[in-house]
file run05.cif (mmCIF, C-alpha atoms)
data_final
loop_
_atom_site.label_atom_id
_atom_site.label_comp_id
_atom_site.auth_asym_id
_atom_site.auth_seq_id
_atom_site.Cartn_x
_atom_site.Cartn_y
_atom_site.Cartn_z
CA MET A 91 -2.16 118.96 6.66
CA LYS A 92 -0.81 117.52 9.90
CA LYS A 93 -1.14 113.76 10.11
CA LEU A 94 -1.96 111.93 13.32
CA LEU A 95 -2.22 108.23 14.04
CA SER A 96 -4.69 106.67 16.42
CA ILE A 97 -4.35 103.10 17.69
CA ASP A 98 -7.53 101.93 19.35
CA ASP A 99 -9.28 98.57 19.45
CA GLU A 100 -12.71 100.20 19.12
CA PRO A 101 -13.53 100.97 15.44
CA MET A 102 -16.35 103.29 16.47
CA MET A 103 -13.95 105.36 18.55
CA LEU A 104 -11.59 105.62 15.59
CA LYS A 105 -14.44 106.68 13.35
CA CYS A 106 -15.50 109.41 15.79
CA LEU A 107 -11.95 110.65 16.28
CA SER A 108 -11.32 110.68 12.56
CA LYS A 109 -14.45 112.66 11.82
CA ALA A 110 -13.78 115.11 14.63
CA LEU A 111 -10.15 115.74 13.79
CA LYS A 112 -10.86 115.99 10.08
CA SER A 113 -13.45 118.67 10.83
CA ARG A 114 -10.69 120.57 12.59
CA GLY A 115 -8.27 120.26 9.69
CA TYR A 116 -6.10 117.33 10.71
CA GLU A 117 -5.74 114.02 8.93
CA LEU A 118 -6.10 110.99 11.16
CA LEU A 119 -4.66 107.63 10.20
CA VAL A 120 -6.23 104.81 12.17
CA THR A 121 -5.67 101.20 13.05
CA THR A 122 -7.04 98.73 15.55
CA ASP A 123 -3.86 96.66 15.32
CA PRO A 124 -0.99 97.78 17.58
CA GLU A 125 1.65 96.07 15.45
CA GLU A 126 0.39 97.72 12.30
CA GLY A 127 0.36 101.04 14.15
CA LEU A 128 3.95 100.62 15.28
CA LYS A 129 4.93 99.68 11.72
CA MET A 130 3.30 102.85 10.40
CA LEU A 131 5.09 104.92 13.02
CA ARG A 132 8.40 103.28 12.11
CA GLU A 133 8.05 103.66 8.36
CA ARG A 134 6.37 107.03 8.02
CA ASP A 135 7.97 110.35 8.80
CA ASP A 136 4.86 112.44 8.35
CA ILE A 137 3.02 111.43 11.52
CA CYS A 138 3.36 114.16 14.11
CA LEU A 139 1.20 112.78 16.94
CA ALA A 140 0.19 109.32 18.15
CA LEU A 141 -3.09 108.84 19.99
CA LEU A 142 -2.95 105.66 22.01
CA ASP A 143 -5.75 103.84 23.71
CA VAL A 144 -4.54 102.37 26.99
CA LYS A 145 -6.59 99.21 27.40
CA MET A 146 -6.34 96.99 24.36
CA PRO A 147 -6.36 93.20 24.14
CA LYS A 148 -3.32 92.47 21.97
CA LYS A 149 -0.92 95.06 23.29
CA ASN A 150 -1.78 97.87 25.67
CA GLY A 151 -1.06 101.54 25.09
CA PHE A 152 1.79 101.61 27.57
CA GLU A 153 3.60 98.82 25.75
CA ILE A 154 3.13 100.57 22.42
CA TYR A 155 4.31 103.83 23.97
CA ARG A 156 7.52 102.35 25.31
CA GLU A 157 8.30 100.65 22.02
CA LEU A 158 7.55 103.83 20.11
CA LYS A 159 9.78 105.93 22.35
CA GLN A 160 12.69 103.66 21.52
CA PHE A 161 12.74 104.60 17.86
CA LYS A 162 10.88 107.89 17.51
CA LYS A 163 10.39 111.06 19.51
CA ILE A 164 6.93 112.30 18.67
CA PRO A 165 4.24 113.60 21.01
CA VAL A 166 1.77 111.07 22.37
CA LEU A 167 -1.76 111.57 23.64
CA PHE A 168 -3.12 108.74 25.74
CA VAL A 169 -6.86 108.31 25.31
CA THR A 170 -8.48 106.36 28.09
CA ALA A 171 -11.61 105.95 30.15
CA TYR A 172 -9.54 104.75 33.09
CA PRO A 173 -7.77 107.45 35.11
CA MET A 174 -6.74 104.67 37.49
CA ALA A 175 -4.52 103.30 34.73
CA PHE A 176 -2.07 106.03 35.66
CA SER A 177 -1.30 104.90 39.17
CA THR A 178 1.91 105.01 41.13
CA LYS A 179 0.93 101.62 42.51
CA THR A 180 2.12 100.13 39.23
CA ASP A 181 5.90 100.03 38.96
CA SER A 182 5.90 100.25 35.17
CA VAL A 183 3.75 103.40 35.30
CA VAL A 184 6.10 104.98 37.84
CA GLU A 185 9.10 104.19 35.68
CA MET A 186 7.36 105.45 32.55
CA TRP A 187 6.26 108.64 34.34
CA GLN A 188 9.78 109.36 35.53
CA THR A 189 11.45 108.67 32.19
CA GLU A 190 9.36 109.03 29.05
CA PHE A 191 6.70 111.35 30.50
CA ALA A 192 9.35 113.63 31.97
CA ASP A 193 10.26 115.17 28.62
CA GLY A 194 6.87 116.88 28.45
CA THR A 195 5.78 115.48 25.10
CA THR A 196 3.07 113.22 26.48
CA ASP A 197 -0.44 114.15 27.53
CA ILE A 198 -3.60 112.34 28.64
CA ILE A 199 -7.27 112.76 27.77
CA TYR A 200 -10.00 110.96 29.68
CA LYS A 201 -13.12 109.60 28.04
CA PRO A 202 -15.80 110.75 27.72
CA PHE A 203 -14.67 114.05 26.31
CA ASP A 204 -16.14 116.74 24.13
CA LEU A 205 -14.65 118.13 20.95
CA PRO A 206 -13.22 121.35 22.40
CA THR A 207 -11.40 119.22 24.97
CA LEU A 208 -9.99 116.97 22.26
CA PHE A 209 -8.87 119.92 20.15
CA GLU A 210 -7.30 121.63 23.13
CA LYS A 211 -5.25 118.57 23.99
CA VAL A 212 -4.16 117.96 20.39
CA GLU A 213 -3.31 121.59 19.75
CA GLY A 214 -1.43 121.79 23.03
CA LEU A 215 0.89 119.07 21.74
CA ILE A 216 1.29 119.84 18.03
CA GLY A 217 -0.31 123.22 17.44
CA LYS A 218 -3.11 124.23 15.18
CA PRO A 219 -3.70 122.37 11.93
CA THR A 220 -2.25 123.84 8.77
CA GLY A 221 -3.12 123.56 5.10
CA SER A 222 -6.49 123.37 3.42
CA GLY A 223 -9.44 122.53 5.60
CA ALA A 224 -7.84 124.10 8.66
CA LYS A 225 -10.20 125.98 10.87
CA LYS A 226 -8.91 129.09 12.57
CA MET B 895 17.98 134.48 24.25
CA ILE B 896 15.32 133.45 21.72
CA ALA B 897 11.85 133.17 23.19
CA PRO B 898 10.47 129.64 23.01
CA ASN B 899 7.36 129.06 20.94
CA ASP B 900 4.04 128.18 22.50
CA LEU B 901 4.48 124.44 22.02
CA ASP B 902 7.85 124.60 23.79
CA ILE B 903 6.18 126.45 26.65
CA ASN B 904 3.43 123.84 26.85
CA ARG B 905 6.06 121.15 26.92
CA SER B 906 7.97 122.87 29.71
CA ILE B 907 4.76 123.20 31.71
CA ARG B 908 4.00 119.51 31.30
CA LYS B 909 7.51 118.75 32.53
CA VAL B 910 6.80 120.68 35.71
CA LEU B 911 3.45 118.95 36.16
CA VAL B 912 4.93 115.49 35.59
CA LYS B 913 7.72 116.22 38.06
CA HIS B 914 5.05 116.86 40.70
CA TRP B 915 3.01 113.80 39.70
CA VAL B 916 0.10 115.94 38.54
CA ASP B 917 -2.63 114.17 36.60
CA LEU B 918 -2.29 115.61 33.10
CA GLY B 919 -5.65 114.27 32.01
CA ARG B 920 -7.52 116.65 34.21
CA LEU B 921 -5.63 119.82 33.32
CA PHE B 922 -5.51 121.92 30.18
CA ILE B 923 -2.75 124.21 29.03
CA ARG B 924 -3.11 127.00 26.50
CA SER B 925 -0.24 129.19 25.41
CA ALA B 926 -0.45 132.06 22.97
CA HIS B 927 2.57 134.31 22.50
CA GLY B 928 3.74 133.67 26.04
CA LYS B 929 0.34 134.19 27.60
CA VAL B 930 -0.45 130.94 29.37
CA THR B 931 -3.71 129.67 30.78
CA ILE B 932 -3.93 126.53 32.86
CA HIS B 933 -7.40 125.32 33.74
CA GLY B 934 -9.07 122.20 35.03
CA THR B 935 -8.60 120.07 38.10
CA LEU B 936 -5.22 120.11 39.78
CA ASP B 937 -4.66 116.77 41.45
CA ARG B 938 -2.03 114.10 41.55
CA ILE B 939 -2.28 110.78 39.79
CA THR B 940 -3.68 107.87 41.76
CA GLY B 941 -1.53 106.26 44.41
CA THR B 942 0.83 109.10 45.23
CA LYS B 943 1.86 109.05 48.88
CA GLU B 944 1.11 112.70 49.48
CA ASP B 945 -1.84 114.78 48.30
CA LEU B 946 -1.24 118.25 46.98
CA SER B 947 -0.98 120.88 49.71
CA PRO B 948 -1.38 124.65 49.42
CA VAL B 949 2.40 124.95 49.62
CA LEU B 950 2.89 122.44 46.82
CA VAL B 951 0.31 124.18 44.65
CA GLU B 952 2.14 127.46 45.18
CA THR B 953 5.42 125.74 44.29
CA ILE B 954 3.99 124.33 41.06
CA VAL B 955 2.47 127.66 40.05
CA ASN B 956 5.72 129.48 40.82
CA GLU B 957 7.73 126.99 38.79
CA VAL B 958 5.42 127.48 35.82
CA GLN B 959 5.51 131.23 36.24
CA ARG B 960 9.29 131.22 36.15
CA LEU B 961 9.57 129.17 32.95
CA HIS B 962 11.36 130.83 30.08
CA GLY B 963 8.83 132.36 27.71
CA VAL B 964 5.94 132.59 30.16
CA GLU B 965 4.98 136.25 30.14
CA ARG B 966 1.59 136.05 31.76
CA LEU B 967 0.01 133.15 33.61
CA THR B 968 -3.70 132.75 34.21
CA ILE B 969 -4.73 129.97 36.54
CA ASP B 970 -8.28 128.67 36.68
CA PHE B 971 -8.36 125.54 38.78
CA VAL B 972 -11.68 123.88 39.44
CA ASN B 973 -10.60 122.64 42.83
CA TRP B 974 -8.15 125.25 44.13
CA LYS B 975 -8.50 128.96 44.69
CA LYS B 976 -6.09 131.61 45.84
CA HIS B 977 -7.38 133.83 48.56
CA GLN B 978 -5.35 136.44 50.39
CA GLY B 979 -2.12 135.04 49.05
CA SER B 980 -2.59 131.39 49.83
CA TRP B 981 -4.15 128.44 48.06
CA SER B 982 -7.05 126.49 49.48
CA GLN B 983 -9.04 123.61 48.16
CA ILE B 984 -12.56 124.28 46.94
CA GLU B 985 -15.29 122.04 48.27
CA GLN B 986 -16.82 120.31 45.28
CA ASP B 987 -20.38 119.18 44.93
CA HIS B 988 -19.82 115.47 44.49
CA LYS B 989 -23.27 114.99 42.99
CA LEU B 990 -22.05 116.86 39.94
CA ILE B 991 -18.98 114.79 39.43
CA HIS B 992 -19.20 112.12 36.73
CA SER B 993 -15.61 111.14 36.77
CA LYS B 994 -12.36 112.75 37.78
CA GLY B 995 -12.39 116.34 36.66
CA GLN B 996 -15.52 116.27 34.60
CA THR B 997 -18.75 117.65 35.89
CA THR B 998 -22.29 117.62 34.63
CA GLU B 999 -22.00 121.34 34.08
CA GLN B 1000 -19.03 120.85 31.80
CA HIS B 1001 -20.81 118.16 29.83
CA GLN B 1002 -23.79 120.42 29.25
CA GLN B 1003 -21.66 123.11 27.68
CA THR B 1004 -21.24 121.32 24.39
CA SER B 1005 -23.45 119.08 22.34
CA TYR B 1006 -20.80 116.76 20.90
CA HIS B 1007 -19.48 113.93 22.96
CA ILE B 1008 -17.11 111.14 22.19
CA THR B 1009 -17.44 108.26 24.55
#
call {"tool": "encode", "arguments": {"input": "run05.cif", "output": "structure tokens"}}
result
Amino acid sequence: MKKLLSIDDEPMMLKCLSKALKSRGYELLVTTDPEEGLKMLRERDDICLALLDVKMPKKNGFEIYRELKQFKKIPVLFVTAYPMAFSTKTDSVVEMWQTEFADGTTDIIYKPFDLPTLFEKVEGLIGKPTGSGAKK
Amino acid sequence: MIAPNDLDINRSIRKVLVKHWVDLGRLFIRSAHGKVTIHGTLDRITGTKEDLSPVLVETIVNEVQRLHGVERLTIDFVNWKKHQGSWSQIEQDHKLIHSKGQTTEQHQQTSYHIT
């Protein structure tokens, strides 16, 4: 079963994502703590996709993303309710867009979203789930 | 040359979109054995100096079409249509728009929502 990790400061969001992705045949690891999430990504080799919330109090999704990209090349799906977060008016976003985004392994999903939208984004990055519980 | 798999194709398409500052959050890519569908709203991310033009849309579509492994490309943009060989923007009913790229109609299609 493909394992994903979601870092989001909203426990309810993590619960919903976990339930949804499990129903599709993925296993979702979750944490509200960015540092714990980065530690998991560093230490585990079985995580094939990171879902990152953008706006978080301790460390935002962009900071996590840039740290992650320094030690691991796995696909990332940004999950955010703020399309304006991706603006060329912010230098760091421009730099990130031209460097890390340019390899094509990053995608974005805007909240609110429905399940088919979530599955389409996830499957577009890592493919369909495999193993028991996978839905065709 | 070995044909790339569908995930490689998706990745190549995202590279093209990122190069043109296209908002990935409003577009969806599906690839199956080289048959690619791109649907959703084609727009640039906030703050870009230049909006997409018909010529730029054609350029993006052509670049995707030419990618290795893309055998057939189906385009279904919410906000652009091709008519008599050229792209034009579709007037959107702003009353239906909740947020960028998501309309009331789209929300009514499914019963599950994650907010």
call {"tool": "residues_around", "arguments": {"input": "run05.cif", "residues": "A:Leu167", "least_positions_apart": "5", "cutoff": "8 Å", "atoms": "all atoms listed in the file", "output": "list in words"}}
result
Leu139, Ala140, Leu141, Leu142, Thr196, Asp197, Ile198, Ile199, Lys211 and Val212 of chain A
call {"tool": "closest_residue", "arguments": {"input": "run05.cif", "among": "B:Ile903, B:Ile969, B:Val930, B:Leu918", "to": "chain A", "atoms": "only C-alpha atoms"}}
result
B:Leu918
call {"tool": "atom_distance", "arguments": {"input": "run05.cif", "atom1": "atom CA of A:Arg132", "atom2": "atom CA of A:Phe152"}}
result
16.9 Å
call {"tool": "interface_residues", "arguments": {"input": "run05.cif", "of": "chain A", "to": "chain B", "cutoff": "10 Å", "atoms": "all atoms listed in the file", "output": "ChimeraX atom specification"}}
result
/A:102-103,106-107,110,165,167-180,184,187-188,191-208,210-211,213-217
call {"tool": "residues_around", "arguments": {"input": "run05.cif", "residues": "B:Val964", "least_positions_apart": "3", "cutoff": "9 Å", "atoms": "all atoms listed in the file", "output": "PyMOL selection string"}}
result
chain B and resi 898+903+925+927-930+958-961+967
call {"tool": "closest_residue", "arguments": {"input": "run05.cif", "among": "A:Ile97, A:Lys218, A:Glu157, A:Ile164", "to": "A:Pro124", "atoms": "only C-alpha atoms"}}
result
A:Ile97
call {"tool": "closest_residue", "arguments": {"input": "run05.cif", "among": "B:Ala926, B:Val951, B:Ile984, B:Val916", "to": "B:Val972", "atoms": "all atoms listed in the file"}}
result
B:Ile984
call {"tool": "atom_distance", "arguments": {"input": "run05.cif", "atom1": "atom CA of B:Ser980", "atom2": "atom CA of B:Pro948"}}
result
6.9 Å
call {"tool": "atom_distance", "arguments": {"input": "run05.cif", "atom1": "atom CA of A:Leu158", "atom2": "atom CA of A:Val183"}}
result
15.7 Å
call {"tool": "resolve_selection", "arguments": {"input": "run05.cif", "expression": "the PyMOL selection byres ((chain B and resi 970) around 10)", "output": "ChimeraX atom specification"}}
result
/B:921-922,931-936,967-969,971-976
call {"tool": "resolve_selection", "arguments": {"input": "run05.cif", "expression": "the PyMOL selection byres ((chain A and resi 95) around 6)", "output": "PyMOL selection string"}}
result
chain A and resi 94+96+118-120+140
call {"tool": "build_atoms", "arguments": {"input": "run05.cif", "residues": "stretch 909-929 of chain B", "atoms": "N, CA and C atoms", "output": "short mmCIF file (atom, residue, chain, number, x, y, z; two decimals), keeping the file's coordinate frame"}}
result
data_model
loop_
_atom_site.label_atom_id
_atom_site.label_comp_id
_atom_site.auth_asym_id
_atom_site.auth_seq_id
_atom_site.Cartn_x
_atom_site.Cartn_y
_atom_site.Cartn_z
N LYS B 909 6.36 119.28 31.77
CA LYS B 909 7.51 118.75 32.53
C LYS B 909 7.37 119.06 34.02
N VAL B 910 6.99 120.29 34.31
CA VAL B 910 6.80 120.68 35.71
C VAL B 910 5.69 119.84 36.35
N LEU B 911 4.59 119.69 35.62
CA LEU B 911 3.45 118.95 36.16
C LEU B 911 3.81 117.48 36.40
N VAL B 912 4.52 116.90 35.45
CA VAL B 912 4.93 115.49 35.59
C VAL B 912 5.87 115.33 36.79
N LYS B 913 6.77 116.28 36.93
CA LYS B 913 7.72 116.22 38.06
C LYS B 913 6.98 116.16 39.40
N HIS B 914 5.83 116.83 39.45
CA HIS B 914 5.05 116.86 40.70
C HIS B 914 3.92 115.82 40.68
N TRP B 915 3.98 114.90 39.77
CA TRP B 915 3.01 113.80 39.70
C TRP B 915 1.57 114.29 39.51
N VAL B 916 1.44 115.38 38.78
CA VAL B 916 0.10 115.94 38.54
C VAL B 916 -0.57 115.16 37.41
N ASP B 917 -1.84 114.88 37.60
CA ASP B 917 -2.63 114.17 36.60
C ASP B 917 -2.88 115.07 35.39
N LEU B 918 -2.20 114.78 34.30
CA LEU B 918 -2.29 115.61 33.10
C LEU B 918 -3.67 115.55 32.45
N GLY B 919 -4.36 114.46 32.67
CA GLY B 919 -5.65 114.27 32.01
C GLY B 919 -6.74 115.18 32.52
N ARG B 920 -6.48 115.82 33.61
CA ARG B 920 -7.52 116.65 34.21
C ARG B 920 -7.19 118.14 34.09
N LEU B 921 -6.06 118.43 33.47
CA LEU B 921 -5.63 119.82 33.32
C LEU B 921 -5.48 120.18 31.85
N PHE B 922 -5.63 121.44 31.55
CA PHE B 922 -5.51 121.92 30.18
C PHE B 922 -4.61 123.14 30.14
N ILE B 923 -3.73 123.13 29.15
CA ILE B 923 -2.75 124.21 29.03
C ILE B 923 -2.96 124.90 27.70
N ARG B 924 -3.03 126.21 27.74
CA ARG B 924 -3.11 127.00 26.50
C ARG B 924 -2.03 128.06 26.54
N SER B 925 -1.25 128.13 25.50
CA SER B 925 -0.24 129.19 25.41
C SER B 925 -0.42 129.93 24.10
N ALA B 926 -0.37 131.24 24.18
CA ALA B 926 -0.45 132.06 22.97
C ALA B 926 0.48 133.25 23.16
N HIS B 927 1.58 133.22 22.43
CA HIS B 927 2.57 134.31 22.50
C HIS B 927 3.01 134.58 23.94
N GLY B 928 3.24 133.53 24.67
CA GLY B 928 3.74 133.67 26.04
C GLY B 928 2.66 133.87 27.09
N LYS B 929 1.44 134.04 26.64
CA LYS B 929 0.34 134.19 27.60
C LYS B 929 -0.24 132.80 27.84
#
